[in-house]
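protein.tsv follows (TSV, C-alpha atoms):
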chain	number	residue	atom	x	y	z
A	28	MET	CA	-52.66	25.81	32.36
A	29	GLU	CA	-53.89	25.41	28.79
A	30	LEU	CA	-52.35	26.16	25.40
A	31	PHE	CA	-54.01	26.10	21.99
A	32	ILE	CA	-51.95	25.92	18.79
A	33	LYS	CA	-53.85	26.55	15.58
A	34	ASN	CA	-53.09	26.67	11.86
A	35	ALA	CA	-50.08	24.36	12.09
A	36	PHE	CA	-48.94	21.62	9.76
A	37	LEU	CA	-48.25	18.80	12.21
A	38	THR	CA	-45.53	16.32	11.33
A	39	GLU	CA	-44.24	13.38	13.37
A	40	GLU	CA	-42.80	9.94	12.66
A	41	SER	CA	-46.03	8.28	11.46
A	42	TRP	CA	-48.24	11.03	10.01
A	43	ALA	CA	-48.46	14.61	8.77
A	44	ASP	CA	-51.53	16.84	8.38
A	45	PHE	CA	-52.99	20.24	9.21
A	46	ALA	CA	-54.53	20.14	12.67
A	47	ASP	CA	-54.87	22.06	15.92
A	48	VAL	CA	-53.34	21.05	19.24
A	49	LEU	CA	-54.80	21.46	22.71
A	50	VAL	CA	-52.41	21.29	25.66
A	51	LYS	CA	-53.40	20.84	29.30
A	52	ASP	CA	-51.05	20.56	32.27
A	53	GLY	CA	-47.99	20.13	30.08
A	54	LYS	CA	-49.41	17.20	28.07
A	55	ILE	CA	-51.06	16.95	24.68
A	56	ALA	CA	-54.78	16.76	25.49
A	57	ALA	CA	-56.21	16.58	21.97
A	58	ILE	CA	-55.29	16.90	18.30
A	59	GLY	CA	-57.88	17.62	15.63
A	60	HIS	CA	-60.19	20.27	14.23
A	61	ASN	CA	-62.75	22.53	15.89
A	62	LEU	CA	-61.20	21.91	19.29
A	63	PRO	CA	-62.23	24.09	22.22
A	64	CYS	CA	-59.91	27.07	22.33
A	65	ALA	CA	-58.66	27.88	25.81
A	66	GLY	CA	-55.71	29.54	27.51
A	67	GLU	CA	-52.82	30.96	25.50
A	68	VAL	CA	-53.34	30.80	21.73
A	69	ILE	CA	-50.48	30.41	19.26
A	70	ASP	CA	-51.32	30.97	15.60
A	71	ALA	CA	-48.69	28.96	13.74
A	72	GLY	CA	-49.48	30.67	10.45
A	73	SER	CA	-49.19	27.38	8.51
A	74	LEU	CA	-45.66	26.72	9.81
A	75	THR	CA	-44.68	23.13	10.64
A	76	LEU	CA	-45.07	21.83	14.18
A	77	LEU	CA	-42.74	18.95	15.04
A	78	PRO	CA	-42.21	17.09	18.29
A	79	ALA	CA	-39.30	18.80	20.01
A	80	PHE	CA	-35.95	17.12	19.47
A	81	VAL	CA	-34.13	14.76	21.83
A	82	ASP	CA	-30.32	14.61	21.74
A	83	LEU	CA	-28.70	11.41	22.94
A	84	HIS	CA	-25.18	12.81	22.86
A	85	CYS	CA	-24.09	16.19	24.29
A	86	HIS	CA	-21.25	17.70	26.27
A	87	PHE	CA	-22.18	20.62	28.54
A	88	ARG	CA	-18.80	20.69	30.37
A	89	ASP	CA	-20.47	21.16	33.75
A	90	PRO	CA	-18.96	20.49	36.29
A	91	GLY	CA	-15.33	21.40	35.77
A	92	TYR	CA	-15.03	23.03	32.36
A	93	THR	CA	-17.66	25.75	32.56
A	94	TYR	CA	-15.39	28.21	30.73
A	95	LYS	CA	-16.33	26.13	27.64
A	96	GLU	CA	-20.02	25.65	28.45
A	97	ASN	CA	-22.19	25.58	31.54
A	98	MET	CA	-25.62	24.18	32.27
A	99	GLU	CA	-27.43	27.41	31.47
A	100	SER	CA	-25.65	28.16	28.18
A	101	GLY	CA	-25.99	24.54	27.09
A	102	CYS	CA	-29.71	24.47	27.87
A	103	ARG	CA	-30.21	27.77	26.05
A	104	ALA	CA	-28.44	26.37	23.00
A	105	ALA	CA	-30.66	23.30	23.19
A	106	ALA	CA	-33.82	25.40	23.37
A	107	LYS	CA	-32.71	27.59	20.47
A	108	GLY	CA	-32.12	24.46	18.40
A	109	GLY	CA	-35.56	22.97	19.12
A	110	TYR	CA	-34.43	20.50	21.79
A	111	THR	CA	-36.23	19.89	25.08
A	112	ALA	CA	-34.26	16.84	26.24
A	113	VAL	CA	-30.55	16.07	26.14
A	114	ASN	CA	-28.29	13.30	27.40
A	115	LEU	CA	-24.91	14.45	28.69
A	116	MET	CA	-21.62	12.59	28.55
A	117	ALA	CA	-19.52	11.83	31.61
A	118	ASN	CA	-16.21	13.46	30.64
A	119	THR	CA	-16.54	16.31	33.13
A	120	ASN	CA	-14.29	17.21	36.05
A	121	PRO	CA	-14.80	15.28	38.22
A	122	VAL	CA	-15.73	12.50	35.84
A	123	CYS	CA	-19.37	11.61	36.38
A	124	SER	CA	-18.93	8.26	38.09
A	125	ASP	CA	-21.37	8.56	41.00
A	126	MET	CA	-24.87	9.61	41.92
A	127	GLU	CA	-23.64	12.78	43.65
A	128	THR	CA	-22.48	14.22	40.33
A	129	VAL	CA	-25.62	12.99	38.57
A	130	ARG	CA	-27.79	14.76	41.15
A	131	TYR	CA	-25.74	17.96	40.82
A	132	VAL	CA	-26.29	18.03	37.06
A	133	ARG	CA	-29.99	17.19	37.17
A	134	GLN	CA	-30.80	19.63	39.98
A	135	LYS	CA	-29.00	22.43	38.20
A	136	ALA	CA	-30.87	21.71	34.96
A	137	GLU	CA	-34.21	21.55	36.77
A	138	GLN	CA	-33.58	24.97	38.28
A	139	ILE	CA	-32.95	26.39	34.81
A	140	GLY	CA	-36.01	24.63	33.39
A	141	LEU	CA	-35.24	24.90	29.68
A	142	ALA	CA	-34.52	21.25	28.94
A	143	GLU	CA	-34.89	17.84	30.55
A	144	VAL	CA	-31.31	16.78	31.20
A	145	HIS	CA	-30.15	13.19	31.59
A	146	GLN	CA	-26.64	12.35	32.67
A	147	CYS	CA	-24.50	9.40	31.62
A	148	VAL	CA	-22.25	7.73	34.15
A	149	SER	CA	-18.81	6.57	33.04
A	150	VAL	CA	-18.41	2.89	32.17
A	151	THR	CA	-15.26	2.71	34.32
A	152	LYS	CA	-14.84	4.73	37.50
A	153	ASP	CA	-13.10	8.04	36.78
A	154	PHE	CA	-12.22	6.65	33.34
A	155	ASP	CA	-9.61	4.42	34.95
A	156	GLY	CA	-10.22	1.68	32.37
A	157	ARG	CA	-10.55	-1.02	35.04
A	158	THR	CA	-13.18	-0.44	37.73
A	159	VAL	CA	-16.89	-1.07	37.08
A	160	GLU	CA	-18.22	-1.80	40.58
A	161	HIS	CA	-19.55	1.77	40.86
A	162	LEU	CA	-22.22	0.85	38.30
A	163	LYS	CA	-23.94	-1.31	40.89
A	164	GLU	CA	-24.64	1.79	43.01
A	165	LEU	CA	-26.59	3.69	40.36
A	166	ASP	CA	-30.28	4.37	40.86
A	167	ASP	CA	-32.97	4.29	38.19
A	168	THR	CA	-32.54	7.95	37.22
A	169	VAL	CA	-29.46	6.83	35.26
A	170	ARG	CA	-30.41	5.11	32.03
A	171	LEU	CA	-27.20	5.09	29.99
A	172	ILE	CA	-23.50	4.65	30.66
A	173	SER	CA	-20.69	5.81	28.40
A	174	GLU	CA	-16.93	6.27	28.33
A	175	ASP	CA	-17.37	8.88	25.60
A	176	GLY	CA	-14.15	10.59	24.69
A	177	LYS	CA	-12.31	7.36	25.39
A	178	GLY	CA	-12.64	3.82	24.12
A	179	VAL	CA	-12.98	0.99	26.66
A	180	MET	CA	-9.76	-0.80	25.81
A	181	SER	CA	-10.35	-4.11	27.60
A	182	ASN	CA	-12.94	-6.55	26.29
A	183	LEU	CA	-13.02	-8.17	29.73
A	184	ILE	CA	-13.86	-4.85	31.41
A	185	MET	CA	-16.49	-4.03	28.79
A	186	ALA	CA	-18.01	-7.48	29.28
A	187	ARG	CA	-18.22	-6.94	33.05
A	188	ALA	CA	-19.82	-3.54	32.52
A	189	MET	CA	-22.35	-5.04	30.11
A	190	GLU	CA	-23.26	-7.76	32.60
A	191	ILE	CA	-24.00	-5.14	35.27
A	192	ALA	CA	-25.83	-2.97	32.73
A	193	LYS	CA	-28.05	-5.89	31.73
A	194	GLU	CA	-28.92	-6.60	35.37
A	195	LYS	CA	-29.80	-2.94	36.01
A	196	GLY	CA	-31.56	-2.27	32.70
A	197	LEU	CA	-28.93	0.21	31.49
A	198	ILE	CA	-27.89	0.89	27.91
A	199	VAL	CA	-24.15	0.94	27.15
A	200	LEU	CA	-23.12	3.74	24.81
A	201	SER	CA	-20.04	2.82	22.83
A	202	HIS	CA	-17.44	5.36	21.82
A	203	ALA	CA	-15.90	2.88	19.39
A	204	GLU	CA	-12.20	3.58	19.41
A	205	ASP	CA	-9.22	1.31	19.83
A	206	MET	CA	-6.90	4.01	21.15
A	207	GLU	CA	-3.78	1.96	20.43
A	208	LEU	CA	-4.67	2.24	16.75
A	209	SER	CA	-6.25	5.67	16.54
A	210	SER	CA	-2.96	7.58	16.42
A	211	THR	CA	-1.99	5.75	13.24
A	212	ASP	CA	-5.25	4.52	11.67
A	213	TYR	CA	-8.44	6.00	13.09
A	214	ARG	CA	-10.58	4.16	10.56
A	215	LEU	CA	-9.33	0.78	11.75
A	216	ALA	CA	-9.64	1.98	15.36
A	217	GLU	CA	-13.38	2.62	14.95
A	218	ASN	CA	-14.07	-0.49	12.90
A	219	ILE	CA	-12.35	-2.96	15.22
A	220	ALA	CA	-13.91	-1.50	18.38
A	221	THR	CA	-17.34	-1.60	16.71
A	222	VAL	CA	-17.00	-5.29	15.94
A	223	GLN	CA	-15.78	-6.10	19.45
A	224	HIS	CA	-18.55	-4.25	21.27
A	225	ILE	CA	-21.29	-5.62	19.04
A	226	HIS	CA	-20.12	-9.19	19.53
A	227	LEU	CA	-19.99	-8.70	23.30
A	228	SER	CA	-23.52	-7.29	23.21
A	229	GLN	CA	-24.79	-10.22	21.16
A	230	TYR	CA	-23.11	-12.77	23.40
A	231	LEU	CA	-24.20	-11.20	26.69
A	232	GLY	CA	-27.61	-9.90	25.61
A	233	ALA	CA	-26.81	-6.39	26.83
A	234	ARG	CA	-28.33	-3.35	25.15
A	235	LEU	CA	-25.72	-1.44	23.17
A	236	HIS	CA	-25.92	1.92	21.43
A	237	MET	CA	-23.19	2.81	18.94
A	238	CYS	CA	-22.33	6.51	19.07
A	239	HIS	CA	-21.37	8.81	16.16
A	240	VAL	CA	-20.93	6.01	13.59
A	241	SER	CA	-18.76	7.43	10.81
A	242	THR	CA	-17.38	4.66	8.58
A	243	LYS	CA	-19.00	2.45	5.99
A	244	GLU	CA	-17.50	-0.66	7.58
A	245	ALA	CA	-18.77	0.17	11.06
A	246	MET	CA	-22.28	0.76	9.72
A	247	GLU	CA	-22.12	-2.50	7.76
A	248	GLU	CA	-21.32	-4.35	10.98
A	249	ILE	CA	-24.25	-2.66	12.75
A	250	ILE	CA	-26.58	-3.61	9.89
A	251	ARG	CA	-25.39	-7.21	10.12
A	252	ALA	CA	-26.04	-7.22	13.87
A	253	LYS	CA	-29.50	-5.68	13.49
A	254	ARG	CA	-30.46	-8.26	10.90
A	255	ALA	CA	-29.32	-10.96	13.32
A	256	GLY	CA	-31.57	-9.56	16.03
A	257	ALA	CA	-28.83	-8.13	18.25
A	258	PRO	CA	-29.92	-5.58	20.91
A	259	VAL	CA	-28.03	-2.81	19.11
A	260	THR	CA	-29.03	0.72	18.14
A	261	CYS	CA	-26.94	3.45	16.55
A	262	GLU	CA	-26.67	7.17	15.91
A	263	VAL	CA	-24.99	9.33	13.31
A	264	ALA	CA	-23.96	12.97	13.68
A	265	PRO	CA	-25.08	15.84	11.42
A	266	HIS	CA	-21.50	16.79	10.56
A	267	HIS	CA	-20.78	13.30	9.24
A	268	LEU	CA	-23.81	13.65	6.97
A	269	TRP	CA	-22.69	17.02	5.66
A	270	PHE	CA	-18.92	17.12	5.36
A	271	CYS	CA	-16.46	14.76	3.70
A	272	ASP	CA	-12.74	14.77	3.01
A	273	THR	CA	-12.02	17.75	5.26
A	274	ASP	CA	-9.58	18.06	8.14
A	275	TYR	CA	-11.76	19.89	10.68
A	276	ARG	CA	-10.81	18.21	13.95
A	277	VAL	CA	-13.56	15.99	15.35
A	278	ASN	CA	-13.55	12.57	16.97
A	279	PRO	CA	-14.27	10.38	15.03
A	280	PRO	CA	-12.91	12.31	12.04
A	281	ILE	CA	-14.81	13.57	9.03
A	282	ARG	CA	-14.68	10.66	6.60
A	283	THR	CA	-14.75	10.16	2.84
A	284	ARG	CA	-17.56	10.84	0.40
A	285	GLU	CA	-18.16	7.08	0.16
A	286	ASP	CA	-18.63	6.89	3.94
A	287	ARG	CA	-21.01	9.84	3.96
A	288	GLU	CA	-23.11	8.38	1.17
A	289	PHE	CA	-23.32	5.02	2.91
A	290	LEU	CA	-24.51	6.64	6.15
A	291	ILE	CA	-27.26	8.46	4.24
A	292	GLN	CA	-28.18	5.21	2.49
A	293	ALA	CA	-28.39	3.49	5.88
A	294	ILE	CA	-30.78	6.21	7.03
A	295	GLN	CA	-32.91	5.70	3.92
A	296	ASN	CA	-33.01	1.96	4.54
A	297	GLY	CA	-34.06	2.32	8.18
A	298	PHE	CA	-30.90	1.09	9.88
A	299	VAL	CA	-30.05	4.33	11.71
A	300	ASP	CA	-31.98	4.90	14.93
A	301	ALA	CA	-31.10	8.48	15.77
A	302	ILE	CA	-29.26	11.60	14.77
A	303	ALA	CA	-27.27	13.00	17.72
A	304	THR	CA	-25.22	16.17	17.69
A	305	ASP	CA	-22.16	15.26	19.79
A	306	HIS	CA	-22.35	18.93	20.80
A	307	ALA	CA	-18.81	19.64	22.04
A	308	PRO	CA	-18.02	23.27	22.95
A	309	HIS	CA	-14.42	24.48	23.04
A	310	THR	CA	-12.70	27.83	23.37
A	311	GLN	CA	-10.83	29.24	20.40
A	312	GLU	CA	-7.55	28.54	22.18
A	313	ASP	CA	-8.47	24.90	22.83
A	314	LYS	CA	-9.42	24.44	19.16
A	315	ARG	CA	-6.12	25.98	18.06
A	316	ASN	CA	-4.39	23.46	20.32
A	317	GLY	CA	-6.15	20.58	18.58
A	318	ALA	CA	-9.18	19.87	20.78
A	319	PRO	CA	-11.61	17.69	18.79
A	320	GLY	CA	-15.27	18.57	18.47
A	321	MET	CA	-17.82	21.13	17.35
A	322	VAL	CA	-21.02	22.64	18.68
A	323	GLY	CA	-24.15	21.33	17.00
A	324	LEU	CA	-27.38	21.92	18.90
A	325	GLU	CA	-28.27	25.17	17.13
A	326	THR	CA	-27.62	23.91	13.59
A	327	ALA	CA	-28.59	20.22	13.74
A	328	PHE	CA	-32.16	20.47	12.49
A	329	SER	CA	-31.31	22.79	9.62
A	330	VAL	CA	-28.26	20.75	8.56
A	331	CYS	CA	-30.29	17.55	8.50
A	332	TYR	CA	-33.32	19.18	6.88
A	333	THR	CA	-31.17	20.68	4.13
A	334	ARG	CA	-29.13	17.55	3.46
A	335	LEU	CA	-31.76	14.84	3.89
A	336	VAL	CA	-35.14	16.42	3.12
A	337	LYS	CA	-34.39	19.14	0.58
A	338	GLU	CA	-31.42	17.57	-1.21
A	339	ARG	CA	-32.18	13.86	-0.91
A	340	GLY	CA	-35.97	13.94	-0.81
A	341	LEU	CA	-36.35	11.99	2.42
A	342	PRO	CA	-39.68	12.55	4.17
A	343	LEU	CA	-39.79	14.94	7.11
A	344	THR	CA	-41.60	12.17	9.01
A	345	LEU	CA	-38.38	10.14	8.86
A	346	LEU	CA	-36.30	13.05	10.10
A	347	SER	CA	-38.77	13.48	12.96
A	348	ARG	CA	-38.27	9.85	13.94
A	349	LEU	CA	-34.49	10.29	13.95
A	350	LEU	CA	-34.46	13.56	15.91
A	351	SER	CA	-37.40	12.97	18.25
A	352	ALA	CA	-39.36	9.71	18.51
A	353	ALA	CA	-36.55	7.15	18.36
A	354	PRO	CA	-34.09	8.91	20.70
A	355	ALA	CA	-36.97	9.49	23.14
A	356	ARG	CA	-37.72	5.75	23.08
A	357	ILE	CA	-34.07	4.89	23.67
A	358	LEU	CA	-34.01	7.24	26.69
A	359	GLY	CA	-37.39	5.99	27.90
A	360	LEU	CA	-39.07	9.41	27.67
A	361	ASN	CA	-42.72	10.27	27.09
A	362	LYS	CA	-41.66	12.60	24.27
A	363	GLY	CA	-41.12	12.69	20.53
A	364	ARG	CA	-44.69	12.07	19.29
A	365	LEU	CA	-47.68	14.25	18.43
A	366	LEU	CA	-50.29	12.12	20.16
A	367	PRO	CA	-52.58	12.71	23.15
A	368	GLY	CA	-50.88	11.88	26.43
A	369	TYR	CA	-47.36	12.72	25.29
A	370	ASP	CA	-45.39	15.63	26.73
A	371	ALA	CA	-46.34	18.92	25.06
A	372	ASP	CA	-42.83	19.52	23.70
A	373	PHE	CA	-42.78	21.12	20.24
A	374	ALA	CA	-40.46	22.72	17.71
A	375	LEU	CA	-42.19	25.17	15.40
A	376	VAL	CA	-40.16	25.38	12.19
A	377	ASP	CA	-40.24	27.43	9.01
A	378	GLU	CA	-39.38	24.97	6.26
A	379	LYS	CA	-39.00	27.73	3.67
A	380	ARG	CA	-36.58	29.87	5.63
A	381	GLU	CA	-33.06	30.14	4.28
A	382	TRP	CA	-30.51	31.42	6.76
A	383	LYS	CA	-26.79	31.89	7.12
A	384	VAL	CA	-25.09	30.34	10.14
A	385	GLN	CA	-23.40	32.96	12.29
A	386	ALA	CA	-21.54	31.21	15.08
A	387	ALA	CA	-20.91	34.48	16.89
A	388	ASN	CA	-24.65	34.63	17.62
A	389	PHE	CA	-24.91	31.14	19.13
A	390	ALA	CA	-26.48	30.82	22.57
A	391	SER	CA	-23.77	28.28	23.37
A	392	LYS	CA	-20.51	29.56	24.80
A	393	GLY	CA	-18.86	27.45	22.11
A	394	LYS	CA	-18.50	29.11	18.71
A	395	ASN	CA	-16.48	26.24	17.22
A	396	SER	CA	-18.54	25.33	14.16
A	397	PRO	CA	-17.40	24.52	10.62
A	398	PHE	CA	-20.94	25.47	9.55
A	399	ASP	CA	-20.16	29.12	10.28
A	400	GLY	CA	-21.01	31.10	7.13
A	401	ILE	CA	-22.91	28.24	5.44
A	402	TRP	CA	-26.46	28.80	4.14
A	403	LEU	CA	-29.06	26.30	5.33
A	404	GLN	CA	-32.78	25.82	4.81
A	405	GLY	CA	-35.41	25.20	7.48
A	406	LYS	CA	-35.24	27.03	10.79
A	407	VAL	CA	-36.61	26.55	14.28
A	408	VAL	CA	-38.52	29.70	15.21
A	409	ARG	CA	-40.05	28.61	18.52
A	410	THR	CA	-39.49	25.87	21.08
A	411	ILE	CA	-42.12	24.76	23.60
A	412	LYS	CA	-41.52	22.50	26.59
A	413	ALA	CA	-44.47	21.19	28.63
A	414	GLY	CA	-46.68	23.80	27.00
A	415	LYS	CA	-44.40	26.73	27.83
A	416	THR	CA	-42.21	28.61	25.34
A	417	THR	CA	-38.50	28.15	26.12
A	418	TRP	CA	-37.18	29.99	23.06
A	419	ARG	CA	-38.73	32.24	20.44
A	420	GLU	CA	-37.11	33.99	17.52
Exercise: express the given structure as structure tokens:
Amino acid sequence: MELFIKNAFLTEESWADFADVLVKDGKIAAIGHNLPCAGEVIDAGSLTLLPAFVDLHCHFRDPGYTYKENMESGCRAAAKGGYTAVNLMANTNPVCSDMETVRYVRQKAEQIGLAEVHQCVSVTKDFDGRTVEHLKELDDTVRLISEDGKGVMSNLIMARAMEIAKEKGLIVLSHAEDMELSSTDYRLAENIATVQHIHLSQYLGARLHMCHVSTKEAMEEIIRAKRAGAPVTCEVAPHHLWFCDTDYRVNPPIRTREDREFLIQAIQNGFVDAIATDHAPHTQEDKRNGAPGMVGLETAFSVCYTRLVKERGLPLTLLSRLLSAAPARILGLNKGRLLPGYDADFALVDEKREWKVQAANFASKGKNSPFDGIWLQGKVVRTIKAGKTTWRE
């Protein structure tokens, strides 16, 4: 099977230029001019072709909470947002603490075929806060572990998990929250847990990825660790780059203007590795009852393009690194670049398009978005995975 994309402005982390793309057998075969035209032809009409996006941090609620989201609706939301690969958190029912649940998730996603789905396993078994022996039974299809939704409260337990993770080549994702503090001071809860987990990572030499960093102090600690050569990466969420000083319920909370500006400065200075959505679907009733989180897959690119590229003047090549190349490297995927040999996963975007977010029209079951009604610029109009269109406007 061949695909030919012509008249596109190609943009990825290291270069941008007008060129054509030839795809064979789901891989990029060639990029250039005057290429042989074969198979299906897509005329991009001078729109921008980016590597499809990779999300390190999603909740699809399957198994156990499929009234909020299921594998199909989550994958459709991913495709509509320009994503072809996602990494799912373990806070399902049952908690994903074993290979049986991992296989269930991956097989279901493969049957749907819209996105490559990776599944985290919980740091402690069933989120019990104590048991880590189950990590020794994981096979090499699991690449990351996370207690997301909960903080690992014991430094001893986290240290044991990191030792196993180092032996097995796993990355530990940190939901940095000291839950004894979060009910009274969530800022301190994130900052203290960040320091603890980074120091454990440095001491043990285990790879650590800090999720949804939201405070200036936490980012300062990550920058210090990076400068010291610690095996630490980090992500920020689109909503923490957009909002400030609001009470929309997310975990960690929306922070101050100073925090938001520092996160953007950290992006500019190259200290942020990835932008991840923390896509967290809830029903209207659950949100009314205080459930934290928002959906983000279908708005992430446009939020980040509007805030970082149009308003702040950051290059689109940098945004491509944050949404595609760097998260793909962290997950160990052959994605995120526009180079021969890489997976033919693309997001075709209209940089000039202005559009109003209408949550009621989301592909996700979740409509819980504070972006509802907001005007954004830059829109994904087509998503291609392995040379095949998975979503088209």
Check: atom CA of A:Met237 to atom CA of A:Ile225: how many Å, to one decimal?
Finding: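 So the two atoms, atom CA of A:Met237 and atom CA of A:Ile225, lie 8.6 Å apart.
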Notebook entry, point to check: Can you list, as number ranges by chain, every protein, DNA or RNA residue that comes within 12 Å of A:Glu190 when you count all atoms listed in the file, leaving out same-chain residues fewer than 2 positions away?
Noted result: A: 150, 159-160, 162-163, 183-188, 192-199, 227-235
Item checked: Exercise: residues within 7 Å of coordinate (-15.3, 18.2, 36.2), counting only C-alpha atoms, as a ChimeraX atom specification -> /A:89-92,119-122
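Note that the spacing between atom CA of A:Leu365 and atom CA of A:Ile291 amounts to 25.5 Å.
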Item checked: All residues 7 Å or closer to A:Ala371, only C-alpha atoms, same chain fewer than 2 positions away omitted, as an MDAnalysis selection string -> chainID A and resid 50 53:55 369 373 412:414
Margin query: Given all atoms listed in the file as the basis, pick out the residue of A:Leu335, A:Ile219, A:Ile32, A:Met98 nearest to A:Leu268.
Written below: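 Nearest to A:Leu268: A:Leu335.
Take atom CA of A:Pro265 and atom CA of A:Arg356: the distance between them is 19.9 Å.
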Check: Which residues, written as a PyMOL selection string, have at least one atom at most 8 Å from stretch 42-48 of chain A, with only C-alpha atoms counted and residues fewer than 5 positions away on the same chain left out?
Finding: chain A and resi 31-37+55-62+344
For the residues in the current selection, export C-alpha atoms as a PDB file, in the coordinates of the input.
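Result saved to again32.pdb:
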ATOM      1  CA  PHE A  31     -54.010  26.100  21.990  1.00  0.00           C
ATOM      2  CA  ILE A  32     -51.950  25.920  18.790  1.00  0.00           C
ATOM      3  CA  LYS A  33     -53.850  26.550  15.580  1.00  0.00           C
ATOM      4  CA  ASN A  34     -53.090  26.670  11.860  1.00  0.00           C
ATOM      5  CA  ALA A  35     -50.080  24.360  12.090  1.00  0.00           C
ATOM      6  CA  PHE A  36     -48.940  21.620   9.760  1.00  0.00           C
ATOM      7  CA  LEU A  37     -48.250  18.800  12.210  1.00  0.00           C
ATOM      8  CA  ILE A  55     -51.060  16.950  24.680  1.00  0.00           C
ATOM      9  CA  ALA A  56     -54.780  16.760  25.490  1.00  0.00           C
ATOM     10  CA  ALA A  57     -56.210  16.580  21.970  1.00  0.00           C
ATOM     11  CA  ILE A  58     -55.290  16.900  18.300  1.00  0.00           C
ATOM     12  CA  GLY A  59     -57.880  17.620  15.630  1.00  0.00           C
ATOM     13  CA  HIS A  60     -60.190  20.270  14.230  1.00  0.00           C
ATOM     14  CA  ASN A  61     -62.750  22.530  15.890  1.00  0.00           C
ATOM     15  CA  LEU A  62     -61.200  21.910  19.290  1.00  0.00           C
ATOM     16  CA  THR A 344     -41.600  12.170   9.010  1.00  0.00           C
TER      17      THR A 344
END
Could you name the residues that touch A:Thr326 at 8 Å or less, counting all atoms listed in the file, but leaving out those on the same chain fewer than 5 positions away, as a PDB file with C-alpha atoms, in the coordinates of the input?
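The result, stored in around_38.pdb:
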ATOM      1  CA  GLY A 108     -32.120  24.460  18.400  1.00  0.00           C
ATOM      2  CA  VAL A 384     -25.090  30.340  10.140  1.00  0.00           C
ATOM      3  CA  PHE A 398     -20.940  25.470   9.550  1.00  0.00           C
TER       4      PHE A 398
END
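Using only C-alpha atoms, the nearest neighbour of A:Gln223 within the list A:Ser181, A:Ser73, A:Thr283, A:Gln138 is A:Ser181.
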Check: Which polymer residues have any atom within 9 Å of an atom of A:Leu165, counting only C-alpha atoms, with same-chain residues fewer than 6 positions away left out, as a list in words?
Finding: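 Close residues of A:Leu165: Asp125, Met126, Val148 and Lys195 of chain A.
Nearest to A:Gly363 of all the residues A:Ala105, A:Ala390, A:Ile69, A:Leu76 is A:Leu76, counting all atoms listed in the file.
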Checklist line | Expected residue set, 12 Å radius at (-19.4, 27.4, 32.9), only C-alpha atoms, as an NGL selection string | finding: :A and (86-102 or 119-120 or 308-310 or 391-393)
Could you add the missing atoms to stretch 319-328 of chain A, up to N, CA, C and O atoms, and return them as a tab-separated table (two decimals), in the coordinates of the input?
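Writing done, so here's selection-v5.tsv:
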chain	number	residue	atom	x	y	z
A	319	PRO	N	-10.64	18.15	19.78
A	319	PRO	CA	-11.61	17.69	18.79
A	319	PRO	C	-13.04	18.04	19.19
A	319	PRO	O	-13.39	18.01	20.36
A	320	GLY	N	-13.86	18.36	18.20
A	320	GLY	CA	-15.27	18.57	18.47
A	320	GLY	C	-15.81	19.86	17.91
A	320	GLY	O	-15.05	20.79	17.58
A	321	MET	N	-17.14	19.93	17.81
A	321	MET	CA	-17.82	21.13	17.35
A	321	MET	C	-19.16	21.24	18.07
A	321	MET	O	-19.70	20.25	18.55
A	322	VAL	N	-19.68	22.46	18.15
A	322	VAL	CA	-21.02	22.64	18.68
A	322	VAL	C	-22.02	22.27	17.59
A	322	VAL	O	-21.74	22.40	16.40
A	323	GLY	N	-23.22	21.79	18.02
A	323	GLY	CA	-24.15	21.33	17.00
A	323	GLY	C	-25.61	21.52	17.30
A	323	GLY	O	-26.45	21.35	16.41
A	324	LEU	N	-25.97	21.86	18.53
A	324	LEU	CA	-27.38	21.92	18.90
A	324	LEU	C	-28.16	22.94	18.08
A	324	LEU	O	-29.33	22.72	17.75
A	325	GLU	N	-27.55	24.07	17.77
A	325	GLU	CA	-28.27	25.17	17.13
A	325	GLU	C	-28.33	25.06	15.61
A	325	GLU	O	-29.03	25.84	14.96
A	326	THR	N	-27.61	24.10	15.05
A	326	THR	CA	-27.62	23.91	13.59
A	326	THR	C	-28.14	22.55	13.17
A	326	THR	O	-28.40	22.34	11.98
A	327	ALA	N	-28.33	21.62	14.09
A	327	ALA	CA	-28.59	20.22	13.74
A	327	ALA	C	-29.83	20.06	12.87
A	327	ALA	O	-29.79	19.38	11.84
A	328	PHE	N	-30.95	20.65	13.28
A	328	PHE	CA	-32.16	20.47	12.49
A	328	PHE	C	-31.97	20.98	11.07
A	328	PHE	O	-32.30	20.31	10.09
